[in-house]
file input_39.txt (compact mmCIF, C-alpha atoms)
# COMPACT_ATOMS: atom_id res chain seq x y z
CA MET A 1 -28.83 -45.45 -94.66
CA ASN A 2 -31.06 -42.65 -95.91
CA LEU A 3 -29.86 -40.03 -98.36
CA HIS A 4 -31.06 -36.61 -99.32
CA LEU A 5 -29.75 -34.88 -102.40
CA ASN A 6 -30.78 -32.45 -105.09
CA VAL A 7 -30.91 -33.90 -108.60
CA ASN A 8 -31.57 -31.61 -111.54
CA GLY A 9 -33.03 -28.94 -109.26
CA ARG A 10 -35.41 -31.24 -107.38
CA GLU A 11 -34.96 -32.57 -103.86
CA HIS A 12 -34.79 -36.35 -103.61
CA ASP A 13 -34.73 -38.87 -100.78
CA ALA A 14 -33.45 -42.41 -101.04
CA GLU A 15 -34.09 -44.89 -98.24
CA ASP A 16 -32.29 -48.06 -97.20
CA VAL A 17 -29.24 -47.26 -99.29
CA TRP A 18 -26.37 -49.70 -98.74
CA PRO A 19 -23.48 -47.52 -97.49
CA GLY A 20 -21.09 -48.73 -100.21
CA GLU A 21 -23.36 -47.72 -103.09
CA SER A 22 -22.09 -45.34 -105.73
CA LEU A 23 -23.87 -42.16 -106.71
CA LEU A 24 -24.39 -43.77 -110.13
CA TYR A 25 -26.29 -46.71 -108.62
CA VAL A 26 -28.48 -44.40 -106.55
CA LEU A 27 -29.26 -42.19 -109.55
CA ARG A 28 -30.15 -45.09 -111.82
CA GLU A 29 -31.70 -47.66 -109.55
CA ARG A 30 -33.24 -45.61 -106.76
CA LEU A 31 -34.05 -42.18 -108.14
CA GLY A 32 -35.22 -43.05 -111.65
CA HIS A 33 -32.49 -41.25 -113.60
CA PRO A 34 -31.14 -43.86 -116.03
CA GLY A 35 -29.57 -41.29 -118.36
CA SER A 36 -26.14 -41.70 -116.79
CA LYS A 37 -24.90 -45.04 -118.08
CA ASN A 38 -23.20 -47.79 -116.15
CA ALA A 39 -20.38 -49.45 -118.06
CA CYS A 40 -16.90 -49.73 -116.61
CA GLU A 41 -17.56 -48.79 -112.96
CA GLN A 42 -13.93 -47.67 -112.68
CA GLY A 43 -13.89 -44.15 -114.09
CA GLU A 44 -12.38 -45.21 -117.40
CA CYS A 45 -15.30 -44.75 -119.82
CA GLY A 46 -17.03 -41.53 -118.74
CA SER A 47 -20.51 -42.89 -119.56
CA CYS A 48 -21.72 -41.87 -116.10
CA SER A 49 -20.40 -38.28 -116.27
CA VAL A 50 -22.50 -35.89 -114.15
CA TYR A 51 -22.00 -32.62 -112.35
CA LEU A 52 -21.50 -32.80 -108.58
CA ASP A 53 -21.78 -29.31 -107.11
CA GLY A 54 -20.82 -27.97 -110.54
CA ALA A 55 -17.76 -30.19 -111.09
CA LEU A 56 -17.69 -32.82 -113.84
CA VAL A 57 -17.23 -36.24 -112.22
CA CYS A 58 -17.76 -39.93 -112.88
CA ALA A 59 -20.82 -40.84 -110.79
CA CYS A 60 -19.47 -44.40 -110.42
CA LEU A 61 -16.50 -43.07 -108.42
CA VAL A 62 -18.57 -40.96 -106.01
CA LEU A 63 -19.72 -42.74 -102.89
CA ALA A 64 -23.45 -41.96 -102.66
CA ALA A 65 -22.93 -40.76 -99.09
CA GLN A 66 -20.48 -38.16 -100.42
CA ALA A 67 -23.38 -36.65 -102.39
CA GLU A 68 -25.58 -36.24 -99.30
CA GLY A 69 -26.94 -32.70 -99.30
CA ARG A 70 -25.17 -31.85 -102.54
CA ALA A 71 -26.47 -30.87 -105.97
CA VAL A 72 -26.21 -33.27 -108.88
CA VAL A 73 -26.99 -32.47 -112.51
CA THR A 74 -27.36 -35.39 -114.90
CA VAL A 75 -27.88 -35.45 -118.66
CA GLU A 76 -31.63 -35.41 -117.97
CA GLY A 77 -31.21 -32.02 -116.31
CA LEU A 78 -29.53 -30.25 -119.23
CA ASN A 79 -32.65 -29.71 -121.35
CA GLU A 80 -34.14 -26.25 -121.25
CA GLY A 81 -37.88 -26.17 -120.57
CA GLY A 82 -38.44 -29.49 -122.32
CA ASP A 83 -36.38 -28.57 -125.40
CA LEU A 84 -33.10 -30.31 -126.08
CA HIS A 85 -30.06 -28.42 -124.91
CA PRO A 86 -28.05 -27.02 -127.87
CA VAL A 87 -25.29 -29.55 -127.13
CA GLN A 88 -27.82 -32.40 -127.33
CA GLN A 89 -29.28 -30.97 -130.55
CA ALA A 90 -25.80 -30.66 -132.05
CA TYR A 91 -25.06 -34.34 -131.33
CA LEU A 92 -28.28 -35.26 -133.17
CA ASP A 93 -27.68 -32.90 -136.09
CA ALA A 94 -24.06 -33.96 -136.55
CA GLY A 95 -25.00 -37.66 -136.53
CA ALA A 96 -22.65 -38.13 -133.58
CA VAL A 97 -24.83 -40.86 -132.08
CA GLN A 98 -24.43 -44.45 -133.18
CA CYS A 99 -25.32 -47.02 -130.51
CA GLY A 100 -25.86 -44.10 -128.16
CA PHE A 101 -24.50 -45.63 -124.99
CA CYS A 102 -21.64 -43.15 -124.57
CA THR A 103 -23.72 -40.17 -125.70
CA PRO A 104 -25.10 -39.01 -122.34
CA GLY A 105 -21.62 -38.88 -120.83
CA LEU A 106 -20.19 -37.14 -123.88
CA VAL A 107 -23.02 -34.61 -123.85
CA VAL A 108 -22.35 -33.74 -120.20
CA SER A 109 -18.58 -33.52 -120.80
CA THR A 110 -19.14 -31.33 -123.88
CA HIS A 111 -21.50 -29.13 -121.85
CA SER A 112 -18.79 -28.76 -119.22
CA LEU A 113 -16.13 -27.94 -121.82
CA LEU A 114 -18.21 -25.28 -123.56
CA SER A 115 -19.19 -23.68 -120.27
CA ARG A 116 -15.46 -23.14 -119.55
CA ASN A 117 -14.23 -22.54 -123.09
CA ALA A 118 -16.63 -21.18 -125.69
CA GLU A 119 -14.29 -21.70 -128.65
CA PRO A 120 -12.19 -24.78 -127.96
CA SER A 121 -9.44 -25.85 -130.34
CA ASP A 122 -9.36 -29.45 -131.53
CA ALA A 123 -6.59 -30.18 -129.03
CA GLU A 124 -8.72 -28.74 -126.24
CA ILE A 125 -11.72 -30.81 -127.33
CA ARG A 126 -9.54 -33.91 -127.39
CA GLU A 127 -8.26 -33.18 -123.88
CA ALA A 128 -11.73 -32.38 -122.51
CA LEU A 129 -13.28 -35.56 -123.91
CA ALA A 130 -10.30 -37.81 -123.11
CA GLY A 131 -12.23 -39.47 -120.30
CA ASN A 132 -15.19 -40.46 -122.49
CA LEU A 133 -14.90 -43.59 -124.60
CA CYS A 134 -16.95 -44.22 -127.75
CA ARG A 135 -16.46 -47.61 -129.38
CA CYS A 136 -18.66 -46.96 -132.47
CA THR A 137 -17.93 -43.66 -134.14
CA GLY A 138 -14.20 -43.04 -134.15
CA TYR A 139 -14.94 -39.61 -132.64
CA VAL A 140 -15.00 -37.72 -135.96
CA LYS A 141 -18.70 -36.89 -135.76
CA ILE A 142 -18.44 -36.30 -132.04
CA PHE A 143 -15.86 -33.59 -132.78
CA ASP A 144 -18.23 -32.23 -135.44
CA ALA A 145 -20.98 -32.06 -132.82
CA VAL A 146 -18.78 -30.18 -130.35
CA ARG A 147 -17.71 -27.67 -133.02
CA LEU A 148 -21.34 -27.28 -134.15
CA ALA A 149 -22.54 -26.65 -130.60
CA ALA A 150 -19.74 -24.13 -130.06
CA MET A 151 -20.47 -22.35 -133.33
CA ARG A 152 -24.20 -22.12 -132.61
CA ALA A 153 -23.52 -20.77 -129.13
CA GLN A 154 -21.46 -18.03 -130.79
CA GLY A 155 -24.46 -17.18 -132.93
CA GLY A 156 -23.35 -19.08 -136.03
CA GLY A 157 -24.72 -22.21 -137.76
CA MET B 1 -20.34 -51.13 -93.61
CA GLU B 2 -20.49 -47.81 -91.88
CA ILE B 3 -19.83 -44.35 -93.32
CA LEU B 4 -18.16 -41.82 -91.02
CA SER B 5 -18.59 -38.25 -92.27
CA PRO B 6 -16.61 -35.86 -90.07
CA SER B 7 -16.96 -32.15 -90.72
CA SER B 8 -13.71 -31.02 -89.09
CA LEU B 9 -10.17 -32.37 -88.82
CA GLN B 10 -10.60 -32.87 -85.09
CA GLU B 11 -13.69 -35.02 -85.69
CA ALA B 12 -11.88 -36.94 -88.43
CA LEU B 13 -8.89 -37.72 -86.19
CA LEU B 14 -11.19 -38.75 -83.35
CA ALA B 15 -13.15 -41.03 -85.70
CA LYS B 16 -9.90 -42.59 -86.96
CA SER B 17 -8.69 -43.21 -83.41
CA GLU B 18 -12.02 -44.78 -82.38
CA THR B 19 -12.28 -46.86 -85.56
CA PRO B 20 -8.70 -47.47 -86.73
CA SER B 21 -9.94 -49.94 -89.39
CA ALA B 22 -11.91 -47.16 -91.12
CA VAL B 23 -10.53 -46.62 -94.62
CA PRO B 24 -10.12 -42.94 -95.52
CA MET B 25 -11.74 -41.84 -98.77
CA ALA B 26 -11.24 -38.54 -100.59
CA GLY B 27 -11.94 -38.52 -104.34
CA GLY B 28 -12.65 -42.23 -104.36
CA THR B 29 -10.87 -42.81 -107.65
CA ASP B 30 -9.05 -45.85 -106.24
CA LEU B 31 -11.28 -47.03 -103.40
CA MET B 32 -14.60 -46.82 -105.27
CA VAL B 33 -13.23 -49.17 -107.94
CA GLU B 34 -12.47 -51.71 -105.22
CA LEU B 35 -15.99 -51.32 -103.78
CA ASN B 36 -17.68 -51.49 -107.18
CA PHE B 37 -15.83 -54.67 -108.08
CA ASP B 38 -16.41 -56.27 -104.70
CA ARG B 39 -12.67 -56.52 -104.05
CA ARG B 40 -12.84 -54.84 -100.69
CA ARG B 41 -15.46 -54.51 -97.98
CA PRO B 42 -14.05 -52.31 -95.20
CA ASP B 43 -15.95 -52.17 -91.90
CA ALA B 44 -16.06 -48.42 -92.21
CA ILE B 45 -15.23 -45.67 -94.67
CA LEU B 46 -14.04 -42.32 -93.41
CA ASP B 47 -15.27 -39.73 -95.91
CA LEU B 48 -12.82 -36.82 -95.84
CA THR B 49 -14.52 -34.63 -98.45
CA ARG B 50 -16.29 -32.53 -95.79
CA VAL B 51 -13.17 -31.70 -93.78
CA PRO B 52 -12.34 -28.09 -94.64
CA GLU B 53 -8.84 -28.21 -93.08
CA LEU B 54 -7.79 -30.78 -95.71
CA ASN B 55 -9.15 -28.86 -98.68
CA GLY B 56 -6.93 -25.79 -98.73
CA TRP B 57 -3.32 -24.82 -99.30
CA GLU B 58 -1.13 -22.05 -98.01
CA ARG B 59 2.30 -20.61 -98.70
CA ALA B 60 4.70 -19.75 -95.90
CA ASP B 61 8.51 -19.36 -95.84
CA GLY B 62 8.99 -20.65 -99.37
CA VAL B 63 6.98 -23.83 -98.76
CA ILE B 64 3.52 -24.75 -100.02
CA ARG B 65 1.51 -26.68 -97.46
CA LEU B 66 -0.87 -28.57 -99.70
CA GLY B 67 -3.91 -30.03 -97.93
CA ALA B 68 -4.34 -33.74 -98.59
CA GLY B 69 -7.79 -33.15 -100.11
CA VAL B 70 -6.78 -30.63 -102.78
CA THR B 71 -7.74 -32.06 -106.16
CA TYR B 72 -5.47 -32.25 -109.19
CA ALA B 73 -7.77 -29.80 -110.99
CA ARG B 74 -7.32 -27.19 -108.24
CA LEU B 75 -3.59 -27.81 -108.07
CA VAL B 76 -3.29 -27.09 -111.79
CA ALA B 77 -5.55 -24.03 -111.59
CA GLU B 78 -4.13 -22.48 -108.42
CA ILE B 79 -0.54 -23.54 -107.69
CA ALA B 80 1.12 -24.37 -111.01
CA PRO B 81 3.66 -21.49 -110.92
CA GLU B 82 4.91 -22.48 -107.44
CA LEU B 83 4.92 -26.25 -108.01
CA PRO B 84 5.53 -26.62 -111.76
CA GLY B 85 6.70 -30.25 -111.74
CA LEU B 86 3.74 -31.42 -109.69
CA ALA B 87 1.38 -29.39 -111.89
CA ILE B 88 2.75 -30.98 -115.08
CA ALA B 89 2.19 -34.41 -113.53
CA ALA B 90 -1.29 -33.40 -112.32
CA ARG B 91 -2.27 -32.45 -115.87
CA THR B 92 -1.45 -36.00 -117.00
CA VAL B 93 -3.67 -37.68 -114.41
CA GLY B 94 -6.66 -39.57 -115.85
CA SER B 95 -9.22 -37.26 -117.41
CA PRO B 96 -11.03 -34.05 -116.41
CA GLN B 97 -13.51 -36.16 -114.40
CA ILE B 98 -10.68 -37.86 -112.50
CA ARG B 99 -8.72 -34.64 -111.93
CA ASN B 100 -11.86 -33.08 -110.42
CA ARG B 101 -11.94 -35.81 -107.76
CA GLY B 102 -8.47 -37.28 -107.31
CA THR B 103 -6.22 -35.76 -104.64
CA VAL B 104 -2.52 -35.69 -103.86
CA GLY B 105 -3.32 -37.09 -100.40
CA GLY B 106 -5.05 -40.02 -102.04
CA ASN B 107 -2.06 -40.63 -104.30
CA LEU B 108 0.16 -40.72 -101.20
CA GLY B 109 -2.21 -42.98 -99.27
CA SER B 110 -2.58 -45.42 -102.15
CA ALA B 111 1.22 -45.39 -102.53
CA SER B 112 1.06 -47.10 -105.89
CA PRO B 113 4.52 -47.21 -107.52
CA ALA B 114 2.73 -45.66 -110.53
CA GLY B 115 1.26 -42.67 -108.64
CA ASP B 116 1.78 -39.70 -110.96
CA ALA B 117 2.27 -37.16 -108.17
CA LEU B 118 5.01 -39.12 -106.44
CA PRO B 119 8.08 -38.58 -108.70
CA PRO B 120 7.66 -34.77 -108.81
CA LEU B 121 7.05 -34.68 -105.05
CA LEU B 122 10.24 -36.70 -104.57
CA ALA B 123 12.23 -34.41 -106.87
CA ALA B 124 10.85 -31.36 -105.06
CA GLY B 125 11.88 -32.68 -101.63
CA ALA B 126 8.36 -33.02 -100.23
CA GLN B 127 7.54 -33.82 -96.61
CA VAL B 128 4.37 -35.78 -95.78
CA VAL B 129 2.40 -34.44 -92.82
CA LEU B 130 0.51 -36.99 -90.71
CA ALA B 131 -1.79 -36.42 -87.76
CA SER B 132 -3.57 -38.51 -85.14
CA ALA B 133 -5.79 -37.67 -82.19
CA THR B 134 -2.62 -37.32 -80.08
CA GLY B 135 -0.40 -35.21 -82.32
CA SER B 136 1.21 -34.78 -85.68
CA ARG B 137 4.52 -35.60 -87.35
CA SER B 138 6.09 -35.20 -90.75
CA MET B 139 8.63 -37.18 -92.70
CA PRO B 140 10.30 -37.11 -96.11
CA LEU B 141 8.39 -38.85 -98.88
CA THR B 142 11.27 -41.33 -99.16
CA ALA B 143 10.56 -42.49 -95.61
CA PHE B 144 6.78 -42.39 -95.95
CA ILE B 145 6.43 -44.85 -98.83
CA THR B 146 7.95 -48.14 -97.74
CA GLY B 147 7.00 -50.41 -100.66
CA PRO B 148 4.29 -51.12 -103.23
CA LYS B 149 1.08 -49.72 -101.70
CA THR B 150 2.58 -49.66 -98.21
CA THR B 151 3.36 -46.61 -96.10
CA SER B 152 4.53 -45.58 -92.64
CA LEU B 153 0.99 -44.48 -91.73
CA GLU B 154 -0.06 -45.81 -88.31
CA PRO B 155 -3.63 -47.14 -87.88
CA GLY B 156 -4.83 -44.05 -85.99
CA GLU B 157 -3.21 -41.58 -88.40
CA LEU B 158 -4.41 -39.61 -91.41
CA ILE B 159 -2.40 -37.84 -94.10
CA THR B 160 -3.26 -34.21 -93.60
CA ALA B 161 -0.93 -32.40 -95.98
CA VAL B 162 2.23 -32.49 -98.01
CA SER B 163 4.78 -29.69 -97.65
CA VAL B 164 6.55 -28.88 -100.88
CA PRO B 165 9.28 -26.25 -101.28
CA VAL B 166 8.36 -23.63 -103.88
CA ALA B 167 10.37 -24.23 -107.06
CA THR B 168 13.50 -22.10 -107.41
CA GLY B 169 14.34 -23.45 -110.87
CA PRO B 170 12.87 -25.42 -113.77
CA GLN B 171 10.99 -28.63 -113.05
CA GLN B 172 9.81 -31.18 -115.58
CA PHE B 173 7.85 -34.43 -115.63
CA SER B 174 7.10 -36.97 -118.32
CA LYS B 175 5.47 -40.36 -118.43
CA ILE B 176 5.11 -43.20 -120.87
CA GLY B 177 1.81 -44.97 -121.48
CA THR B 178 -0.33 -46.38 -124.23
CA ARG B 179 -2.15 -43.07 -124.74
CA ASN B 180 -1.97 -39.58 -123.30
CA ALA B 181 -5.09 -39.76 -121.13
CA MET B 182 -6.45 -42.36 -118.75
CA VAL B 183 -3.23 -44.24 -118.49
CA ILE B 184 -1.32 -45.85 -115.65
CA ALA B 185 2.30 -44.90 -116.29
CA VAL B 186 4.58 -47.63 -117.63
CA ALA B 187 7.45 -45.44 -116.50
CA SER B 188 7.65 -41.83 -115.38
CA PHE B 189 10.37 -39.39 -114.49
CA ALA B 190 10.55 -36.03 -112.73
CA LEU B 191 13.48 -33.62 -112.72
CA ALA B 192 14.09 -30.47 -110.68
CA LEU B 193 16.98 -28.06 -111.18
CA HIS B 194 18.02 -25.89 -108.23
CA PRO B 195 20.32 -23.19 -109.64
CA GLU B 196 20.56 -21.30 -106.33
CA ARG B 197 22.21 -24.27 -104.59
CA GLN B 198 23.55 -25.77 -107.84
CA ALA B 199 21.80 -29.09 -107.34
CA VAL B 200 19.79 -31.57 -109.39
CA THR B 201 17.06 -33.82 -107.97
CA THR B 202 15.02 -36.57 -109.58
CA GLY B 203 12.12 -38.95 -109.11
CA ILE B 204 11.50 -42.23 -110.93
CA GLY B 205 7.96 -43.67 -111.05
CA SER B 206 6.48 -47.02 -112.11
CA ALA B 207 9.92 -48.63 -112.23
CA GLY B 208 10.51 -49.89 -108.72
CA PRO B 209 8.63 -50.99 -105.60
CA ARG B 210 8.26 -47.34 -104.71
CA PRO B 211 9.27 -44.02 -106.26
CA LEU B 212 13.06 -43.77 -106.41
CA MET B 213 15.64 -41.02 -106.68
CA ALA B 214 18.43 -41.49 -109.23
CA THR B 215 21.18 -40.21 -106.94
CA ALA B 216 24.15 -41.24 -109.11
CA ALA B 217 22.55 -39.50 -112.09
CA GLU B 218 21.97 -36.40 -109.96
CA SER B 219 25.61 -36.23 -108.86
CA PHE B 220 26.86 -36.88 -112.38
CA LEU B 221 24.78 -34.08 -113.86
CA LYS B 222 25.72 -31.68 -111.08
CA GLY B 223 29.38 -32.53 -111.76
CA VAL B 224 28.99 -31.74 -115.46
CA LEU B 225 27.21 -28.47 -114.76
CA ASP B 226 29.76 -27.47 -112.07
CA GLU B 227 32.83 -28.42 -114.07
CA GLU B 228 31.79 -26.60 -117.22
CA GLY B 229 30.44 -23.58 -115.35
CA LEU B 230 27.03 -24.13 -116.94
CA TRP B 231 25.08 -22.93 -113.90
CA ASP B 232 26.47 -19.49 -114.70
CA THR B 233 26.78 -19.53 -118.48
CA HIS B 234 23.56 -21.50 -119.18
CA GLY B 235 25.49 -22.92 -122.14
CA PRO B 236 24.36 -26.09 -123.88
CA ILE B 237 24.71 -29.50 -122.22
CA LEU B 238 26.64 -31.81 -124.54
CA PRO B 239 24.64 -34.75 -125.95
CA ALA B 240 27.10 -37.27 -124.48
CA ALA B 241 26.44 -35.90 -120.99
CA ALA B 242 22.66 -36.04 -121.51
CA ILE B 243 22.94 -39.64 -122.75
CA ARG B 244 25.05 -40.61 -119.74
CA PHE B 245 22.51 -38.94 -117.45
CA GLY B 246 19.79 -41.06 -119.06
CA GLU B 247 21.84 -44.24 -118.61
CA LEU B 248 22.40 -43.50 -114.94
CA VAL B 249 18.68 -42.85 -114.43
CA ALA B 250 17.87 -46.17 -116.13
CA ASP B 251 20.44 -47.89 -113.88
CA ALA B 252 18.80 -46.46 -110.76
CA ALA B 253 15.44 -48.03 -111.60
CA GLN B 254 14.35 -51.36 -110.11
CA PRO B 255 11.65 -52.31 -112.62
CA ILE B 256 9.70 -55.53 -112.93
CA ASP B 257 8.05 -57.27 -115.90
CA ASP B 258 4.27 -56.88 -115.72
CA ILE B 259 1.26 -56.46 -117.98
CA ARG B 260 2.15 -52.85 -118.73
CA GLY B 261 5.76 -53.35 -119.74
CA THR B 262 8.99 -55.27 -119.42
CA ILE B 263 12.10 -54.51 -117.39
CA ARG B 264 14.02 -53.79 -120.57
CA TYR B 265 11.38 -51.47 -121.99
CA ARG B 266 11.06 -49.57 -118.73
CA ARG B 267 14.81 -48.98 -118.47
CA HIS B 268 14.98 -47.86 -122.08
CA ALA B 269 11.98 -45.56 -121.63
CA LEU B 270 13.50 -44.00 -118.50
CA GLY B 271 16.71 -43.18 -120.36
CA VAL B 272 14.65 -41.39 -123.00
CA LEU B 273 12.45 -39.61 -120.44
CA ALA B 274 15.51 -38.45 -118.50
CA ARG B 275 17.21 -37.01 -121.57
CA ARG B 276 14.01 -35.39 -122.75
CA THR B 277 13.09 -33.78 -119.43
CA LEU B 278 16.68 -32.56 -119.05
CA GLY B 279 16.46 -30.92 -122.48
CA TRP B 280 13.18 -29.24 -121.57
CA ALA B 281 14.34 -28.10 -118.13
CA TRP B 282 17.65 -26.79 -119.43
CA GLY B 283 15.76 -24.98 -122.19
CA ASP B 284 13.52 -23.40 -119.53
CA LEU B 285 16.60 -22.26 -117.59
CA ARG B 286 18.22 -20.79 -120.69
CA LYS B 287 15.01 -18.95 -121.57
CA GLY B 288 15.01 -17.64 -118.03
CA SER B 289 11.38 -18.60 -117.55
CA ARG B 290 12.51 -19.97 -114.20
call {"tool": "encode", "arguments": {"input": "input_39.txt", "output": "structure tokens"}}
result
Amino acid sequence: MNLHLNVNGREHDAEDVWPGESLLYVLRERLGHPGSKNACEQGECGSCSVYLDGALVCACLVLAAQAEGRAVVTVEGLNEGGDLHPVQQAYLDAGAVQCGFCTPGLVVSTHSLLSRNAEPSDAEIREALAGNLCRCTGYVKIFDAVRLAAMRAQGGG
Amino acid sequence: MEILSPSSLQEALLAKSETPSAVPMAGGTDLMVELNFDRRRPDAILDLTRVPELNGWERADGVIRLGAGVTYARLVAEIAPELPGLAIAARTVGSPQIRNRGTVGGNLGSASPAGDALPPLLAAGAQVVLASATGSRSMPLTAFITGPKTTSLEPGELITAVSVPVATGPQQFSKIGTRNAMVIAVASFALALHPERQAVTTGIGSAGPRPLMATAAESFLKGVLDEEGLWDTHGPILPAAAIRFGELVADAAQPIDDIRGTIRYRRHALGVLARRTLGWAWGDLRKGSR
């Protein structure tokens, strides 16, 4: 099976895709986008969070064929002209990265949250990131990073 | 494995009649896990995400016809005032990522006893709409789900919609799990009050082979509300009546011991959920919010 999809604004083709492959597998193994991480493969951990036609999804739960002709944005596509996106910079500045495996998914989920809600409460942050697991940090610095990114977007910080 | 990608309902029904073994996929939140873990290798997958007829909803004659492909996220954003019980349940499903993909049609097709949408659909009196290349039919949810992960769906049929009466009174839902998000319910309970016809309806989840209605609890509560004139006065429900309601809900369950909980825990939890949701729903009625 051949696939055609747009990833991070560029058109991509993948050939000889096995029909049961997930979007995550195609992104990582066929299209050279390893930013979205593969951990649980059952939608529990959020490490593979990407945008599919603007909606935040777990790439492991999207059949690659369902992404045919659609637009995908991965963590690699968030940077702005080569500079880190403010959400990425906030994760670095807040020290919200320990082993780093969950970070790409958290960055995409945080990006999605702040695009819908510029000033989220802690409860709203908790709800928005509920599908992203971090086993290192205990989430305190991740929350700091989200608040920092939100504050900077409002012109503070 | 073959992927069938119809772009209309007619094409989808034709594909299902030509390849009855094709497994329908909407959000993929159940089926993709089975593919990823090599638990299932269907001959064909019928991708329903490009079928526009399944992805909308409409309101007519006091009933919402909810397309099988409407996601939980859209349900919450677009139809919460009309279907409050279902919307409360939809907010508890998985995570934002899961709610952006998972659909009510998928919950019905999977027919897991733990499906979050099922108790509120039961309490709301939902009808499941099925179609095949030769016609369509609908049936109450109670008839559609026949056991754990089994339904009345024929091989050539697809779930196209679920018809849910618009709420005419307060509806509530609550579930028990190890955390708020990303949890398969250990037990869940939905309650709908119908002041205009002075009736109470319920749905029990994760505590039986399929979602169950607690009919004895419904009649008991209706009796209390009738006898004390509470439908009119909106006066307080006595604690003893609420406790008895909870006991009757717990009695109606048919739970099993499994990795998520024991029979005893599930019955206890249901009694608590029933009392709690009754308190919330009665509070809503007294506030006149619905």
call {"tool": "interface_residues", "arguments": {"input": "input_39.txt", "of": "chain A", "to": "chain B", "cutoff": "7 Å", "atoms": "all atoms listed in the file", "output": "PyMOL selection string"}}
result
chain A and resi 19-20+41-42+44+55-58+61-63+128+130-131
call {"tool": "residues_around", "arguments": {"input": "input_39.txt", "residues": "segment 16-18 of chain A", "least_positions_apart": "2", "cutoff": "10 Å", "atoms": "all atoms listed in the file", "output": "MDAnalysis selection string"}}
result
(chainID A and resid 1:3 14 20:22 25:26 30 64:65) or (chainID B and resid 1:2)
call {"tool": "axis_aligned_box", "arguments": {"input": "input_39.txt", "around": "segment 19-28 of chain A", "padding_each_side": "8 Å", "output": "lines of an AutoDock Vina configuration file"}}
result
center_x = -25.6
center_y = -45.4
center_z = -104.7
size_x = 25.1
size_y = 22.6
size_z = 30.3
call {"tool": "atom_distance", "arguments": {"input": "input_39.txt", "atom1": "atom CA of Phe101 of chain A", "atom2": "atom CA of Leu52 of chain A"}}
result
21.0 Å
call {"tool": "residues_near_point", "arguments": {"input": "input_39.txt", "point": "(-28.0, -41.8, -119.5)", "cutoff": "10 Å", "atoms": "all atoms listed in the file", "output": "list in words"}}
result
Arg28, His33, Pro34, Gly35, Ser36, Lys37, Asn38, Ser47, Cys48, Ser49, Val50, Thr74, Val75, Glu76, Gly100, Phe101, Cys102, Thr103, Pro104, Gly105, Val107 and Val108 of chain A
call {"tool": "residues_near_point", "arguments": {"input": "input_39.txt", "point": "(-5.2, -27.5, -122.4)", "cutoff": "12 Å", "atoms": "all atoms listed in the file", "output": "number ranges by chain"}}
result
A: 113, 116-117, 120-130; B: 73, 76-77, 88, 91-92, 95-96
call {"tool": "atom_distance", "arguments": {"input": "input_39.txt", "atom1": "atom CA of Gly56 of chain B", "atom2": "atom CA of Ala123 of chain B"}}
result
22.5 Å
call {"tool": "residues_around", "arguments": {"input": "input_39.txt", "residues": "Ala185 of chain B", "least_positions_apart": "4", "cutoff": "6 Å", "atoms": "all atoms listed in the file", "output": "list in words"}}
result
Ala114, Lys175, Ile176 and Gly177 of chain B
call {"tool": "residues_around", "arguments": {"input": "input_39.txt", "residues": "Ser21 of chain B", "least_positions_apart": "3", "cutoff": "10 Å", "atoms": "all atoms listed in the file", "output": "list of chain:residue names"}}
result
B:Lys16, B:Ser17, B:Glu18, B:Pro24, B:Pro42, B:Asp43, B:Ala44, B:Ile45, B:Leu46, B:Pro155, B:Gly156
call {"tool": "write_last_selection", "arguments": {"input": "input_39.txt", "atoms": "C-alpha atoms", "output": "PDB file, in the frame of the given file"}}
result
ATOM      1  CA  LYS B  16      -9.900 -42.590 -86.960  1.00  0.00           C
ATOM      2  CA  SER B  17      -8.690 -43.210 -83.410  1.00  0.00           C
ATOM      3  CA  GLU B  18     -12.020 -44.780 -82.380  1.00  0.00           C
ATOM      4  CA  PRO B  24     -10.120 -42.940 -95.520  1.00  0.00           C
ATOM      5  CA  PRO B  42     -14.050 -52.310 -95.200  1.00  0.00           C
ATOM      6  CA  ASP B  43     -15.950 -52.170 -91.900  1.00  0.00           C
ATOM      7  CA  ALA B  44     -16.060 -48.420 -92.210  1.00  0.00           C
ATOM      8  CA  ILE B  45     -15.230 -45.670 -94.670  1.00  0.00           C
ATOM      9  CA  LEU B  46     -14.040 -42.320 -93.410  1.00  0.00           C
ATOM     10  CA  PRO B 155      -3.630 -47.140 -87.880  1.00  0.00           C
ATOM     11  CA  GLY B 156      -4.830 -44.050 -85.990  1.00  0.00           C
TER      12      GLY B 156
END
call {"tool": "residues_around", "arguments": {"input": "input_39.txt", "residues": "segment 90-92 of chain A", "least_positions_apart": "5", "cutoff": "6 Å", "atoms": "only C-alpha atoms", "output": "list in words"}}
result
Ala145, Leu148 and Ala149 of chain A
call {"tool": "atom_distance", "arguments": {"input": "input_39.txt", "atom1": "atom CA of Pro20 of chain B", "atom2": "atom CA of Ser110 of chain B"}}
result
16.7 Å
call {"tool": "residues_around", "arguments": {"input": "input_39.txt", "residues": "segment 227-238 of chain B", "least_positions_apart": "2", "cutoff": "9 Å", "atoms": "only C-alpha atoms", "output": "PyMOL selection string"}}
result
chain B and resi 195-196+198+222-225+240-243+279+282-283+285-286
call {"tool": "closest_residue", "arguments": {"input": "input_39.txt", "among": "B:Val129, B:Ile256, B:Ala281, B:Leu193", "to": "Thr160 of chain B", "atoms": "only C-alpha atoms"}}
result
B:Val129
call {"tool": "closest_residue", "arguments": {"input": "input_39.txt", "among": "B:Pro239, B:Gly261, B:Gly109, B:Gly246", "to": "Ile159 of chain B", "atoms": "only C-alpha atoms"}}
result
B:Gly109
